[in-house]
$ cat input21.cif   # mmCIF, C-alpha atoms and all ligand atoms
data_work
#
loop_
_atom_site.label_atom_id
_atom_site.label_comp_id
_atom_site.auth_asym_id
_atom_site.auth_seq_id
_atom_site.Cartn_x
_atom_site.Cartn_y
_atom_site.Cartn_z
CA MET A 1 85.57 19.35 53.24
CA ASP A 2 82.64 21.22 51.72
CA THR A 3 82.81 21.77 47.96
CA THR A 4 82.41 25.39 46.93
CA PRO A 5 79.85 26.31 44.23
CA THR A 6 82.84 27.00 41.94
CA ASP A 7 84.27 23.52 42.42
CA ALA A 8 80.83 22.04 41.89
CA LEU A 9 80.50 23.89 38.58
CA ILE A 10 83.97 22.83 37.43
CA SER A 11 83.38 19.19 38.21
CA GLN A 12 79.99 19.44 36.44
CA LEU A 13 81.83 20.76 33.35
CA ASP A 14 84.45 18.05 33.55
CA ARG A 15 81.71 15.43 33.80
CA LEU A 16 80.14 16.74 30.60
CA ALA A 17 83.25 15.78 28.62
CA GLY A 18 82.90 12.19 29.78
CA GLU A 19 79.15 12.19 29.09
CA PHE A 20 79.79 13.46 25.60
CA ALA A 21 82.34 10.72 24.89
CA ALA A 22 79.81 8.13 26.07
CA ALA A 23 77.04 9.69 23.93
CA ILE A 24 78.97 9.47 20.67
CA ALA A 25 80.57 6.08 21.28
CA PRO A 26 77.66 4.14 19.69
CA LEU A 27 77.26 6.59 16.76
CA ASP A 28 78.75 5.68 13.44
CA ASP A 29 77.90 8.59 11.22
CA GLU A 30 79.27 12.08 11.28
CA GLN A 31 75.92 13.85 11.04
CA ALA A 32 74.61 12.24 14.24
CA MET A 33 77.86 13.09 16.00
CA ARG A 34 77.63 16.75 14.97
CA ALA A 35 74.03 16.86 16.26
CA THR A 36 75.18 15.54 19.61
CA GLN A 37 78.04 18.04 19.61
CA ALA A 38 75.47 20.83 19.16
CA GLN A 39 73.45 19.49 22.09
CA PHE A 40 76.52 19.97 24.28
CA LEU A 41 78.16 23.09 22.83
CA GLY A 42 75.35 25.01 21.10
CA LYS A 43 73.68 28.12 22.50
CA LYS A 44 71.04 26.00 24.19
CA GLY A 45 73.51 23.23 24.92
CA GLN A 46 74.47 21.75 28.22
CA VAL A 47 77.83 23.54 28.48
CA SER A 48 76.11 26.90 27.94
CA ALA A 49 73.55 26.02 30.62
CA VAL A 50 76.36 25.44 33.12
CA MET A 51 78.11 28.65 32.07
CA LYS A 52 74.98 30.63 32.85
CA GLU A 53 75.75 29.96 36.52
CA LEU A 54 79.05 31.80 36.14
CA GLY A 55 77.49 35.14 37.11
CA LYS A 56 76.67 33.83 40.54
CA LEU A 57 80.30 33.04 41.37
CA PRO A 58 82.87 35.27 43.04
CA LEU A 59 84.86 37.23 40.46
CA ALA A 60 88.16 35.66 41.48
CA ASP A 61 86.86 32.14 40.74
CA ARG A 62 85.61 32.88 37.27
CA PRO A 63 88.90 32.35 35.33
CA ARG A 64 89.16 28.77 36.70
CA VAL A 65 85.67 28.06 35.45
CA GLY A 66 86.52 29.60 32.07
CA GLU A 67 89.53 27.31 31.82
CA ALA A 68 87.36 24.32 32.65
CA ALA A 69 84.84 25.35 29.97
CA ASN A 70 87.64 25.57 27.38
CA ARG A 71 88.92 22.19 28.49
CA VAL A 72 85.49 20.67 27.91
CA LYS A 73 85.15 22.29 24.49
CA ASP A 74 88.58 20.99 23.46
CA ALA A 75 87.82 17.54 24.82
CA ILE A 76 84.51 17.40 22.91
CA ALA A 77 86.18 18.47 19.63
CA ALA A 78 88.97 15.95 20.19
CA ALA A 79 86.45 13.19 20.94
CA VAL A 80 84.62 13.87 17.66
CA ASP A 81 87.89 13.86 15.69
CA ALA A 82 89.05 10.67 17.32
CA ARG A 83 85.75 8.91 16.71
CA LEU A 84 85.65 10.00 13.04
CA ALA A 85 89.22 8.83 12.52
CA ALA A 86 88.39 5.49 14.13
CA LEU A 87 85.37 5.08 11.82
CA ALA A 88 87.43 5.93 8.74
CA ASP A 89 90.07 3.41 9.77
CA ALA A 90 87.41 0.76 10.27
CA ARG A 91 85.92 1.45 6.83
CA ARG A 92 89.31 1.24 5.14
CA ALA A 93 90.09 -1.99 6.95
CA ALA A 94 86.76 -3.44 5.83
CA ASP A 95 87.44 -2.41 2.23
CA LEU A 96 90.84 -4.02 2.31
CA ALA A 97 89.46 -7.19 3.85
CA ARG A 98 86.81 -7.59 1.12
CA LYS A 99 87.84 -10.25 -1.33
CA VAL A 100 87.69 -9.15 -4.97
CA ASP A 101 87.98 -11.78 -7.67
CA LEU A 102 90.09 -10.03 -10.26
CA THR A 103 89.70 -12.96 -12.65
CA LEU A 104 85.94 -12.41 -13.08
CA PRO A 105 84.99 -11.26 -16.59
CA ALA A 106 83.97 -7.60 -16.80
CA ARG A 107 80.29 -6.74 -17.05
CA PRO A 108 79.58 -6.14 -20.74
CA VAL A 109 78.92 -2.53 -21.71
CA ALA A 110 75.86 -2.22 -23.94
CA THR A 111 76.96 -0.81 -27.29
CA GLY A 112 74.99 0.11 -30.38
CA HIS A 113 76.08 -0.15 -33.97
CA LEU A 114 75.41 1.61 -37.23
CA HIS A 115 71.99 1.13 -38.80
CA LEU A 116 71.95 -1.43 -41.61
CA LEU A 117 71.22 1.26 -44.21
CA THR A 118 74.16 3.33 -42.98
CA GLN A 119 76.45 0.31 -43.12
CA VAL A 120 75.32 -0.44 -46.67
CA ARG A 121 75.68 3.20 -47.70
CA PHE A 122 79.26 3.30 -46.38
CA GLU A 123 80.04 0.05 -48.19
CA LEU A 124 78.66 1.38 -51.48
CA VAL A 125 80.68 4.57 -51.17
CA ASP A 126 83.82 2.56 -50.36
CA ILE A 127 83.43 0.44 -53.49
CA PHE A 128 83.05 3.51 -55.71
CA ALA A 129 85.89 5.26 -53.88
CA GLU A 130 88.16 2.39 -54.93
CA LEU A 131 87.32 3.35 -58.51
CA GLY A 132 88.24 6.99 -57.88
CA PHE A 133 84.76 8.40 -57.26
CA ALA A 134 84.38 11.31 -54.84
CA VAL A 135 81.25 11.85 -52.71
CA ALA A 136 78.93 14.77 -53.53
CA GLU A 137 75.88 16.01 -51.66
CA GLY A 138 72.86 18.17 -52.28
CA PRO A 139 69.82 19.43 -50.37
CA GLN A 140 66.78 17.22 -49.73
CA ILE A 141 64.50 20.24 -50.10
CA GLU A 142 65.29 21.13 -53.67
CA THR A 143 64.16 23.52 -56.37
CA ASP A 144 61.85 22.32 -59.09
CA TRP A 145 64.51 23.48 -61.55
CA HIS A 146 67.29 21.22 -60.17
CA THR A 147 64.95 18.26 -59.65
CA PHE A 148 63.14 18.37 -62.99
CA GLU A 149 63.69 21.30 -65.32
CA ALA A 150 67.49 21.06 -65.66
CA LEU A 151 67.14 17.28 -66.07
CA ALA A 152 65.07 17.84 -69.23
CA ILE A 153 61.79 17.18 -67.42
CA PRO A 154 59.75 20.34 -68.21
CA LYS A 155 56.52 21.08 -66.35
CA ASP A 156 54.24 19.53 -68.95
CA HIS A 157 56.46 16.51 -69.49
CA PRO A 158 54.70 13.16 -68.99
CA ALA A 159 57.77 11.89 -67.10
CA ARG A 160 56.65 13.94 -64.10
CA ASP A 161 53.81 11.50 -63.64
CA MET A 162 56.36 8.76 -63.00
CA GLN A 163 57.35 10.39 -59.72
CA ASP A 164 54.61 11.50 -57.41
CA THR A 165 56.18 14.54 -55.87
CA PHE A 166 55.79 16.20 -52.46
CA TYR A 167 55.64 19.94 -53.15
CA VAL A 168 56.84 22.23 -50.34
CA ALA A 169 56.00 25.43 -52.24
CA ASP A 170 55.33 26.35 -55.83
CA GLU A 171 58.87 25.85 -57.09
CA ILE A 172 60.24 23.86 -54.14
CA VAL A 173 59.97 20.07 -53.78
CA LEU A 174 61.26 17.25 -51.62
CA ARG A 175 63.67 15.79 -54.15
CA THR A 176 62.26 12.65 -55.75
CA HIS A 177 65.66 11.30 -56.74
CA THR A 178 69.34 12.08 -56.20
CA SER A 179 69.75 13.21 -59.82
CA PRO A 180 69.62 16.96 -58.92
CA VAL A 181 73.04 16.41 -57.33
CA GLN A 182 74.30 15.77 -60.88
CA ILE A 183 73.17 19.28 -61.80
CA ARG A 184 74.66 20.93 -58.71
CA THR A 185 77.97 19.11 -59.22
CA MET A 186 78.25 20.06 -62.90
CA GLN A 187 77.41 23.67 -62.06
CA ALA A 188 80.11 23.77 -59.40
CA HIS A 189 82.95 21.88 -61.11
CA PRO A 190 84.18 21.71 -64.69
CA PRO A 191 84.86 18.20 -66.06
CA PRO A 192 86.43 15.77 -65.45
CA ILE A 193 83.80 14.71 -62.90
CA ARG A 194 83.54 11.38 -61.14
CA ILE A 195 81.15 11.41 -58.18
CA VAL A 196 78.64 9.33 -56.27
CA ALA A 197 75.88 11.05 -54.32
CA PRO A 198 74.14 8.94 -51.68
CA GLY A 199 71.11 10.53 -50.05
CA VAL A 200 67.51 10.47 -48.94
CA VAL A 201 64.69 11.11 -51.44
CA TYR A 202 60.88 11.29 -51.18
CA ARG A 203 57.96 10.07 -53.26
CA ARG A 204 54.30 9.34 -52.67
CA ASP A 205 54.91 5.57 -52.74
CA ASP A 206 53.94 3.04 -50.10
CA ASP A 207 54.06 -0.77 -50.18
CA ALA A 208 56.34 -3.65 -49.10
CA THR A 209 59.14 -2.59 -51.45
CA HIS A 210 58.36 1.15 -51.75
CA SER A 211 58.54 3.76 -49.03
CA PRO A 212 57.66 7.49 -49.12
CA MET A 213 61.18 8.17 -47.83
CA PHE A 214 64.05 6.08 -49.12
CA SER A 215 67.63 6.50 -50.27
CA GLN A 216 69.42 6.33 -53.55
CA ILE A 217 72.99 6.48 -54.68
CA GLU A 218 73.60 8.53 -57.79
CA GLY A 219 76.67 8.20 -59.98
CA LEU A 220 78.00 10.68 -62.54
CA VAL A 221 81.08 10.53 -64.73
CA VAL A 222 81.83 13.32 -67.24
CA ASP A 223 85.01 13.51 -69.26
CA ARG A 224 86.30 13.38 -72.79
CA GLY A 225 85.61 10.05 -74.49
CA ILE A 226 83.32 8.48 -71.84
CA ARG A 227 81.38 5.64 -73.47
CA PHE A 228 78.47 3.36 -72.72
CA SER A 229 80.91 0.49 -72.20
CA ASP A 230 82.49 2.48 -69.33
CA LEU A 231 79.09 2.54 -67.62
CA LYS A 232 78.72 -1.20 -68.07
CA GLY A 233 82.25 -1.82 -66.80
CA VAL A 234 81.73 0.26 -63.65
CA LEU A 235 78.37 -1.32 -62.80
CA THR A 236 79.61 -4.86 -63.49
CA HIS A 237 82.56 -4.29 -61.18
CA PHE A 238 80.23 -2.82 -58.58
CA ALA A 239 77.73 -5.72 -58.79
CA ASN A 240 80.47 -8.25 -58.20
CA ARG A 241 82.05 -6.32 -55.35
CA PHE A 242 78.76 -5.72 -53.54
CA PHE A 243 76.76 -8.88 -54.20
CA GLY A 244 79.18 -11.27 -55.79
CA GLY A 245 81.61 -12.46 -53.20
CA SER A 246 83.16 -14.93 -55.62
CA GLY A 247 82.35 -12.80 -58.67
CA GLY A 248 80.61 -14.03 -61.80
CA LEU A 249 77.59 -11.70 -61.62
CA ASP A 250 76.57 -10.01 -64.83
CA VAL A 251 74.81 -6.73 -65.55
CA ARG A 252 71.97 -6.48 -68.01
CA PHE A 253 70.68 -3.26 -69.55
CA ARG A 254 67.09 -3.02 -70.70
CA PRO A 255 66.14 -0.07 -72.88
CA SER A 256 64.15 2.42 -70.83
CA TYR A 257 63.35 6.09 -70.74
CA PHE A 258 64.64 8.78 -68.42
CA PRO A 259 64.49 12.26 -70.01
CA PHE A 260 67.97 13.17 -68.73
CA VAL A 261 69.86 10.30 -70.36
CA GLU A 262 70.07 9.07 -73.93
CA PRO A 263 70.16 6.16 -74.37
CA GLY A 264 68.53 5.27 -71.04
CA VAL A 265 68.39 1.83 -69.45
CA GLU A 266 67.03 -0.09 -66.49
CA VAL A 267 69.90 -1.87 -64.80
CA ASP A 268 69.47 -5.50 -63.75
CA PHE A 269 72.04 -7.57 -61.85
CA THR A 270 72.26 -11.35 -62.01
CA CYS A 271 70.21 -12.56 -59.01
CA ALA A 272 72.81 -13.15 -56.30
CA PHE A 273 70.60 -15.72 -54.52
CA CYS A 274 70.20 -18.23 -57.37
CA ARG A 275 73.08 -16.87 -59.42
CA GLY A 276 70.82 -16.55 -62.44
CA LYS A 277 69.02 -19.90 -62.24
CA GLY A 278 65.68 -18.34 -61.26
CA CYS A 279 64.17 -18.19 -57.77
CA ARG A 280 61.36 -16.63 -55.73
CA LEU A 281 63.26 -13.40 -55.22
CA CYS A 282 63.94 -12.74 -58.88
CA LYS A 283 60.51 -14.14 -59.75
CA GLY A 284 62.13 -16.87 -61.81
CA THR A 285 63.88 -14.49 -64.21
CA GLY A 286 67.44 -14.81 -62.86
CA TRP A 287 67.73 -10.98 -62.83
CA ILE A 288 67.05 -8.28 -60.24
CA GLU A 289 66.27 -4.67 -61.13
CA ILE A 290 68.46 -2.27 -59.23
CA GLY A 291 68.14 1.20 -60.80
CA GLY A 292 68.30 3.39 -63.86
CA ALA A 293 71.23 4.62 -65.92
CA GLY A 294 72.32 6.02 -69.26
CA MET A 295 74.48 8.50 -71.15
CA VAL A 296 74.01 12.12 -70.03
CA ASP A 297 71.62 13.86 -72.44
CA PRO A 298 73.13 16.83 -74.35
CA ASP A 299 70.17 18.94 -73.13
CA VAL A 300 71.37 18.41 -69.53
CA PHE A 301 74.90 19.48 -70.48
CA ALA A 302 73.38 22.57 -72.12
CA ALA A 303 71.48 23.43 -68.90
CA VAL A 304 74.74 23.48 -66.91
CA GLY A 305 76.95 24.97 -69.63
CA ILE A 306 79.08 21.95 -70.52
CA ASP A 307 79.97 21.55 -74.20
CA SER A 308 78.48 18.24 -75.32
CA GLU A 309 80.67 18.28 -78.43
CA VAL A 310 83.71 17.97 -76.17
CA TYR A 311 82.44 15.98 -73.21
CA THR A 312 80.33 12.89 -72.78
CA GLY A 313 79.24 11.21 -69.59
CA PHE A 314 77.18 8.52 -67.95
CA ALA A 315 74.91 8.57 -64.91
CA PHE A 316 73.17 5.98 -62.80
CA GLY A 317 70.80 5.95 -59.82
CA MET A 318 70.19 2.93 -57.62
CA GLY A 319 67.96 2.28 -54.61
CA ILE A 320 69.96 1.67 -51.41
CA GLU A 321 67.08 0.00 -49.53
CA ARG A 322 66.57 -2.27 -52.52
CA MET A 323 70.21 -3.33 -52.52
CA ALA A 324 70.23 -3.88 -48.75
CA MET A 325 67.03 -5.95 -49.05
CA LEU A 326 68.64 -8.20 -51.62
CA ARG A 327 71.92 -8.52 -49.78
CA HIS A 328 70.35 -9.29 -46.41
CA ASN A 329 67.10 -10.96 -47.46
CA VAL A 330 64.88 -8.27 -45.90
CA SER A 331 61.26 -8.87 -46.87
CA ASP A 332 59.65 -5.50 -46.04
CA ILE A 333 61.15 -2.04 -46.55
CA LYS A 334 59.33 -0.70 -43.43
CA LEU A 335 61.54 -2.86 -41.19
CA TYR A 336 64.39 -0.41 -41.78
CA TYR A 337 62.50 2.52 -40.27
CA GLU A 338 60.49 1.04 -37.41
CA GLY A 339 63.43 1.03 -35.00
CA ASP A 340 62.67 -2.50 -33.74
CA LEU A 341 65.91 -3.62 -32.08
CA ARG A 342 65.11 -7.30 -32.69
CA PHE A 343 65.43 -6.55 -36.40
CA LEU A 344 68.28 -4.04 -36.24
CA ARG A 345 70.51 -6.14 -33.97
CA GLN A 346 70.79 -8.86 -36.61
CA PHE A 347 73.10 -6.78 -38.75
C1 LIG B 1 65.41 7.31 -60.85
O1 LIG B 1 65.11 7.77 -59.74
C2 LIG B 1 66.45 7.94 -61.69
N1 LIG B 1 66.84 9.21 -61.13
C3 LIG B 1 67.64 7.01 -61.82
C4 LIG B 1 68.61 7.43 -62.84
C5 LIG B 1 69.73 8.14 -62.49
C6 LIG B 1 68.42 7.10 -64.18
C7 LIG B 1 70.65 8.54 -63.44
C8 LIG B 1 69.33 7.47 -65.15
C9 LIG B 1 70.46 8.20 -64.78
P1 LIG B 1 63.82 5.24 -60.63
O2 LIG B 1 62.59 6.02 -60.39
O3 LIG B 1 63.71 4.01 -61.43
O4 LIG B 1 64.95 6.14 -61.29
O5 LIG B 1 64.41 4.85 -59.21
C10 LIG B 1 65.69 4.23 -59.06
C11 LIG B 1 65.63 3.14 -58.00
O6 LIG B 1 65.18 3.69 -56.77
C12 LIG B 1 64.64 2.02 -58.29
O7 LIG B 1 65.19 1.08 -59.13
C13 LIG B 1 64.44 1.46 -56.89
O8 LIG B 1 65.53 0.62 -56.53
C14 LIG B 1 64.50 2.68 -56.03
N2 LIG B 1 63.16 3.16 -55.67
C15 LIG B 1 62.30 3.87 -56.43
N3 LIG B 1 61.18 4.18 -55.73
C16 LIG B 1 61.35 3.67 -54.50
C17 LIG B 1 60.55 3.66 -53.28
N4 LIG B 1 59.39 4.29 -53.20
N5 LIG B 1 61.04 3.01 -52.20
C18 LIG B 1 62.25 2.41 -52.26
N6 LIG B 1 63.04 2.39 -53.35
C19 LIG B 1 62.59 3.01 -54.46
#

$ encode --input "input21.cif" --output "structure tokens"
Amino acid sequence: MDTTPTDALISQLDRLAGEFAAAIAPLDDEQAMRATQAQFLGKKGQVSAVMKELGKLPLADRPRVGEAANRVKDAIAAAVDARLAALADARRAADLARKVDLTLPARPVATGHLHLLTQVRFELVDIFAELGFAVAEGPQIETDWHTFEALAIPKDHPARDMQDTFYVADEIVLRTHTSPVQIRTMQAHPPPIRIVAPGVVYRRDDDATHSPMFSQIEGLVVDRGIRFSDLKGVLTHFANRFFGGSGGLDVRFRPSYFPFVEPGVEVDFTCAFCRGKGCRLCKGTGWIEIGGAGMVDPDVFAAVGIDSEVYTGFAFGMGIERMAMLRHNVSDIKLYYEGDLRFLRQF
């Protein structure tokens, strides 16, 4: 029996479904499958090419061809779905078959830690907090008045030569010490006052133990009946908590001059390395200089409006880098700031 053109077209369409299934069988990614699908079903695809023949067929035959075309389209969509499902199943099976050793140690996560100077600063604050000190802060860009004038260091005072100052403007400086925080605290709070003020300060200084930017911790206690022996007691306790371990470190005061305290002293701690016997670090003296201190000068109280007939107080200022150097045997102050991880990781 002769096949009619209609039958020929229908069997051509039905063949396309099989050809499509064969074309995607070796493909294992969805993108390639979709491209193949477009080759068959798209406007310029093979199914469309066959359908263009439709116009040549008798009208009565056309619905049968339309049905066949829909059949092919459905078959192609079903073939894609089936193949994708089969691939997903295969992937899941492969995942499940992979052996994972749950007893292996986890890969370490790289973590940082606080900078040595930050650790030391926190430790210092903790020790003073145990004694009831609160933490106070002040700006690093400070007025000349807070940095010098109110601390009894007038413009023509020779003490200004002791601190080579970075001037930002006429009356504005990078603070050369944390002592201006004393002034700001006394202006803001009436006595009793018991604060420490850790912070960064700036001076034109530059060698193995001096840096143009470094940090200090200031202390200030103001109340009725505060005496010099209170200062010695606090600093002796501090020295033993920070350096001592087993205790037994002493504090020595050497008369010195800071315009904002009277009497003023340099504070030395017993060298924690040789415990006072004399070594390279303390240059054979058995003592290490750590900062300045003294009783608050009545002129400073006058500048902030505190009655020096009623209140007395003591203040101290110590170098944080210096203390960290002594505690951790750091030979050059620049090591703190260079950001070399080989150095920083040790602490
Ligand atoms: C002062 O700065 C006073 N304000 C301290 C003070 C406070 C005295 C309260 C009395 C009452 P001095 O200039 O000595 O003092 O500095 C204190 C400490 O800061 C020094 O002992 C040293 O440990 C540290 N220091 C000073 N200059 C530098 C520097 N360039 N680099 C690192 N540390 C420094």

$ closest_atom_pairs --input "input21.cif" --of "chain A" --to "ligand LIG 1 (chain B)" --cutoff "8 Å" --atoms "all atoms listed in the file" --output "CSV"
residue,atom,partner,partner_atom,distance
A:Met162,CA,B:LIG1,O2,7.3
A:Gln163,CA,B:LIG1,O2,6.9
A:Thr176,CA,B:LIG1,O1,6.9
A:His177,CA,B:LIG1,O1,4.7
A:Thr178,CA,B:LIG1,N1,6.2
A:Ser179,CA,B:LIG1,N1,5.1
A:Tyr202,CA,B:LIG1,N4,7.4
A:Arg203,CA,B:LIG1,N4,6.0
A:Arg204,CA,B:LIG1,N4,7.2
A:Asp205,CA,B:LIG1,N4,4.7
A:Asp206,CA,B:LIG1,N4,6.4
A:Asp207,CA,B:LIG1,N4,7.9
A:Thr209,CA,B:LIG1,C18,5.9
A:His210,CA,B:LIG1,N5,3.3
A:Ser211,CA,B:LIG1,N5,4.1
A:Pro212,CA,B:LIG1,N4,5.5
A:Met213,CA,B:LIG1,N5,6.8
A:Phe214,CA,B:LIG1,C18,5.2
A:Ser215,CA,B:LIG1,N6,6.9
A:Gln216,CA,B:LIG1,O6,5.9
A:Glu218,CA,B:LIG1,C5,6.1
A:Gly219,CA,B:LIG1,C7,7.0
A:Leu220,CA,B:LIG1,C7,7.7
A:Phe258,CA,B:LIG1,C8,5.9
A:Phe260,CA,B:LIG1,C9,6.8
A:Val261,CA,B:LIG1,C8,6.0
A:Gly264,CA,B:LIG1,C8,6.3
A:Val265,CA,B:LIG1,C8,7.2
A:Glu266,CA,B:LIG1,O3,7.3
A:Val267,CA,B:LIG1,O7,7.9
A:Glu289,CA,B:LIG1,O7,6.2
A:Ile290,CA,B:LIG1,O7,4.7
A:Gly291,CA,B:LIG1,O7,3.4
A:Gly292,CA,B:LIG1,C6,3.7
A:Ala293,CA,B:LIG1,C8,3.5
A:Gly294,CA,B:LIG1,C8,5.3
A:Met295,CA,B:LIG1,C9,7.5
A:Val296,CA,B:LIG1,C9,7.5
A:Phe314,CA,B:LIG1,C9,7.4
A:Ala315,CA,B:LIG1,C9,4.5
A:Phe316,CA,B:LIG1,C7,3.6
A:Gly317,CA,B:LIG1,C5,3.6
A:Met318,CA,B:LIG1,C11,4.6
A:Gly319,CA,B:LIG1,O8,3.5
A:Ile320,CA,B:LIG1,O8,6.9
A:Glu321,CA,B:LIG1,C18,6.0
A:Arg322,CA,B:LIG1,O8,5.1
A:Met323,CA,B:LIG1,O8,7.3
A:Ile333,CA,B:LIG1,C18,7.3

$ axis_aligned_box --input "input21.cif" --around "region 57-71 of chain A" --padding-each-side "3 Å" --output "JSON"
{"center_x": 84.9, "center_y": 29.7, "center_z": 35.2, "size_x": 15.2, "size_y": 21.0, "size_z": 21.7}

$ closest_residue --input "input21.cif" --among "A:Ile24, A:Ala38, A:Val72, A:Leu116" --to "Arg345 (chain A)" --atoms "all atoms listed in the file"
A:Leu116

$ closest_residue --input "input21.cif" --among "A:Arg15, A:Arg62, A:Arg92, A:His113" --to "Phe40 (chain A)" --atoms "only C-alpha atoms"
A:Arg15

$ closest_residue --input "input21.cif" --among "A:Phe243, A:Phe253, A:Trp145, A:Phe166" --to "Leu231 (chain A)" --atoms "all atoms listed in the file"
A:Phe253

$ closest_residue --input "input21.cif" --among "A:Ala79, A:Tyr257, A:Pro191, A:Leu102" --to "Ala25 (chain A)" --atoms "only C-alpha atoms"
A:Ala79

$ atom_distance --input "input21.cif" --atom1 "CA of Pro154 (chain A)" --atom2 "CA of Pro192 (chain A)"
27.2 Å

$ closest_residue --input "input21.cif" --among "A:Val200, A:Ala88, A:Val300, A:Val330" --to "Thr118 (chain A)" --atoms "only C-alpha atoms"
A:Val200

$ closest_residue --input "input21.cif" --among "A:Pro190, A:Pro26, A:Pro158, A:Pro139" --to "Arg175 (chain A)" --atoms "all atoms listed in the file"
A:Pro139

$ residues_around --input "input21.cif" --residues "Lys155 (chain A)" --least-positions-apart "4" --cutoff "12 Å" --atoms "all atoms listed in the file" --output "list of chain:residue names"
A:Asp144, A:Trp145, A:Thr147, A:Phe148, A:Glu149, A:Ala150, A:Leu151, A:Ala159, A:Arg160, A:Asp161, A:Asp170, A:Glu171

$ atom_distance --input "input21.cif" --atom1 "CA of Gly248 (chain A)" --atom2 "CA of Cys271 (chain A)"
10.9 Å

$ atom_distance --input "input21.cif" --atom1 "CA of Ser11 (chain A)" --atom2 "CA of Lys43 (chain A)"
20.5 Å

$ residues_around --input "input21.cif" --residues "Ala86 (chain A)" --least-positions-apart "4" --cutoff "12 Å" --atoms "only C-alpha atoms" --output "PyMOL selection string"
chain A and resi 25+27-30+79-82+90-93

$ write_last_selection --input "input21.cif" --atoms "C-alpha atoms" --output "mmCIF file, keeping the file's coordinate frame"
data_model
loop_
_atom_site.group_PDB
_atom_site.id
_atom_site.type_symbol
_atom_site.label_atom_id
_atom_site.label_comp_id
_atom_site.auth_asym_id
_atom_site.auth_seq_id
_atom_site.Cartn_x
_atom_site.Cartn_y
_atom_site.Cartn_z
ATOM 1 C CA ALA A 25 80.570 6.080 21.280
ATOM 2 C CA LEU A 27 77.260 6.590 16.760
ATOM 3 C CA ASP A 28 78.750 5.680 13.440
ATOM 4 C CA ASP A 29 77.900 8.590 11.220
ATOM 5 C CA GLU A 30 79.270 12.080 11.280
ATOM 6 C CA ALA A 79 86.450 13.190 20.940
ATOM 7 C CA VAL A 80 84.620 13.870 17.660
ATOM 8 C CA ASP A 81 87.890 13.860 15.690
ATOM 9 C CA ALA A 82 89.050 10.670 17.320
ATOM 10 C CA ALA A 90 87.410 0.760 10.270
ATOM 11 C CA ARG A 91 85.920 1.450 6.830
ATOM 12 C CA ARG A 92 89.310 1.240 5.140
ATOM 13 C CA ALA A 93 90.090 -1.990 6.950
#

$ decode --input "input21.cif" --residues "region 9-18 of chain A" --atoms "N, CA, C and O atoms" --output "CSV table (one decimal), in the first residue's frame"
chain,number,residue,atom,x,y,z
A,9,LEU,N,4.5,12.3,6.6
A,9,LEU,CA,4.9,13.4,7.5
A,9,LEU,C,4.8,13.0,9.0
A,9,LEU,O,5.6,13.3,9.8
A,10,ILE,N,3.7,12.3,9.3
A,10,ILE,CA,3.5,11.8,10.6
A,10,ILE,C,4.6,10.9,11.1
A,10,ILE,O,5.1,11.0,12.2
A,11,SER,N,4.9,10.0,10.2
A,11,SER,CA,6.0,9.0,10.6
A,11,SER,C,7.3,9.8,10.7
A,11,SER,O,8.2,9.5,11.6
A,12,GLN,N,7.5,10.8,9.9
A,12,GLN,CA,8.7,11.7,10.1
A,12,GLN,C,8.8,12.3,11.4
A,12,GLN,O,9.8,12.3,12.1
A,13,LEU,N,7.6,12.8,11.9
A,13,LEU,CA,7.5,13.5,13.2
A,13,LEU,C,7.8,12.5,14.3
A,13,LEU,O,8.5,12.7,15.2
A,14,ASP,N,7.1,11.3,14.2
A,14,ASP,CA,7.3,10.3,15.2
A,14,ASP,C,8.8,9.8,15.3
A,14,ASP,O,9.3,9.5,16.4
A,15,ARG,N,9.5,9.8,14.1
A,15,ARG,CA,10.9,9.5,14.1
A,15,ARG,C,11.7,10.5,14.9
A,15,ARG,O,12.7,10.2,15.6
A,16,LEU,N,11.3,11.8,14.8
A,16,LEU,CA,12.1,12.8,15.4
A,16,LEU,C,12.2,12.6,16.9
A,16,LEU,O,13.2,12.9,17.6
A,17,ALA,N,11.1,12.1,17.5
A,17,ALA,CA,11.1,11.9,19.0
A,17,ALA,C,12.2,10.9,19.3
A,17,ALA,O,12.9,11.1,20.3
A,18,GLY,N,12.3,9.8,18.5
A,18,GLY,CA,13.3,8.8,18.8
A,18,GLY,C,14.7,9.4,18.6
A,18,GLY,O,15.6,9.2,19.4
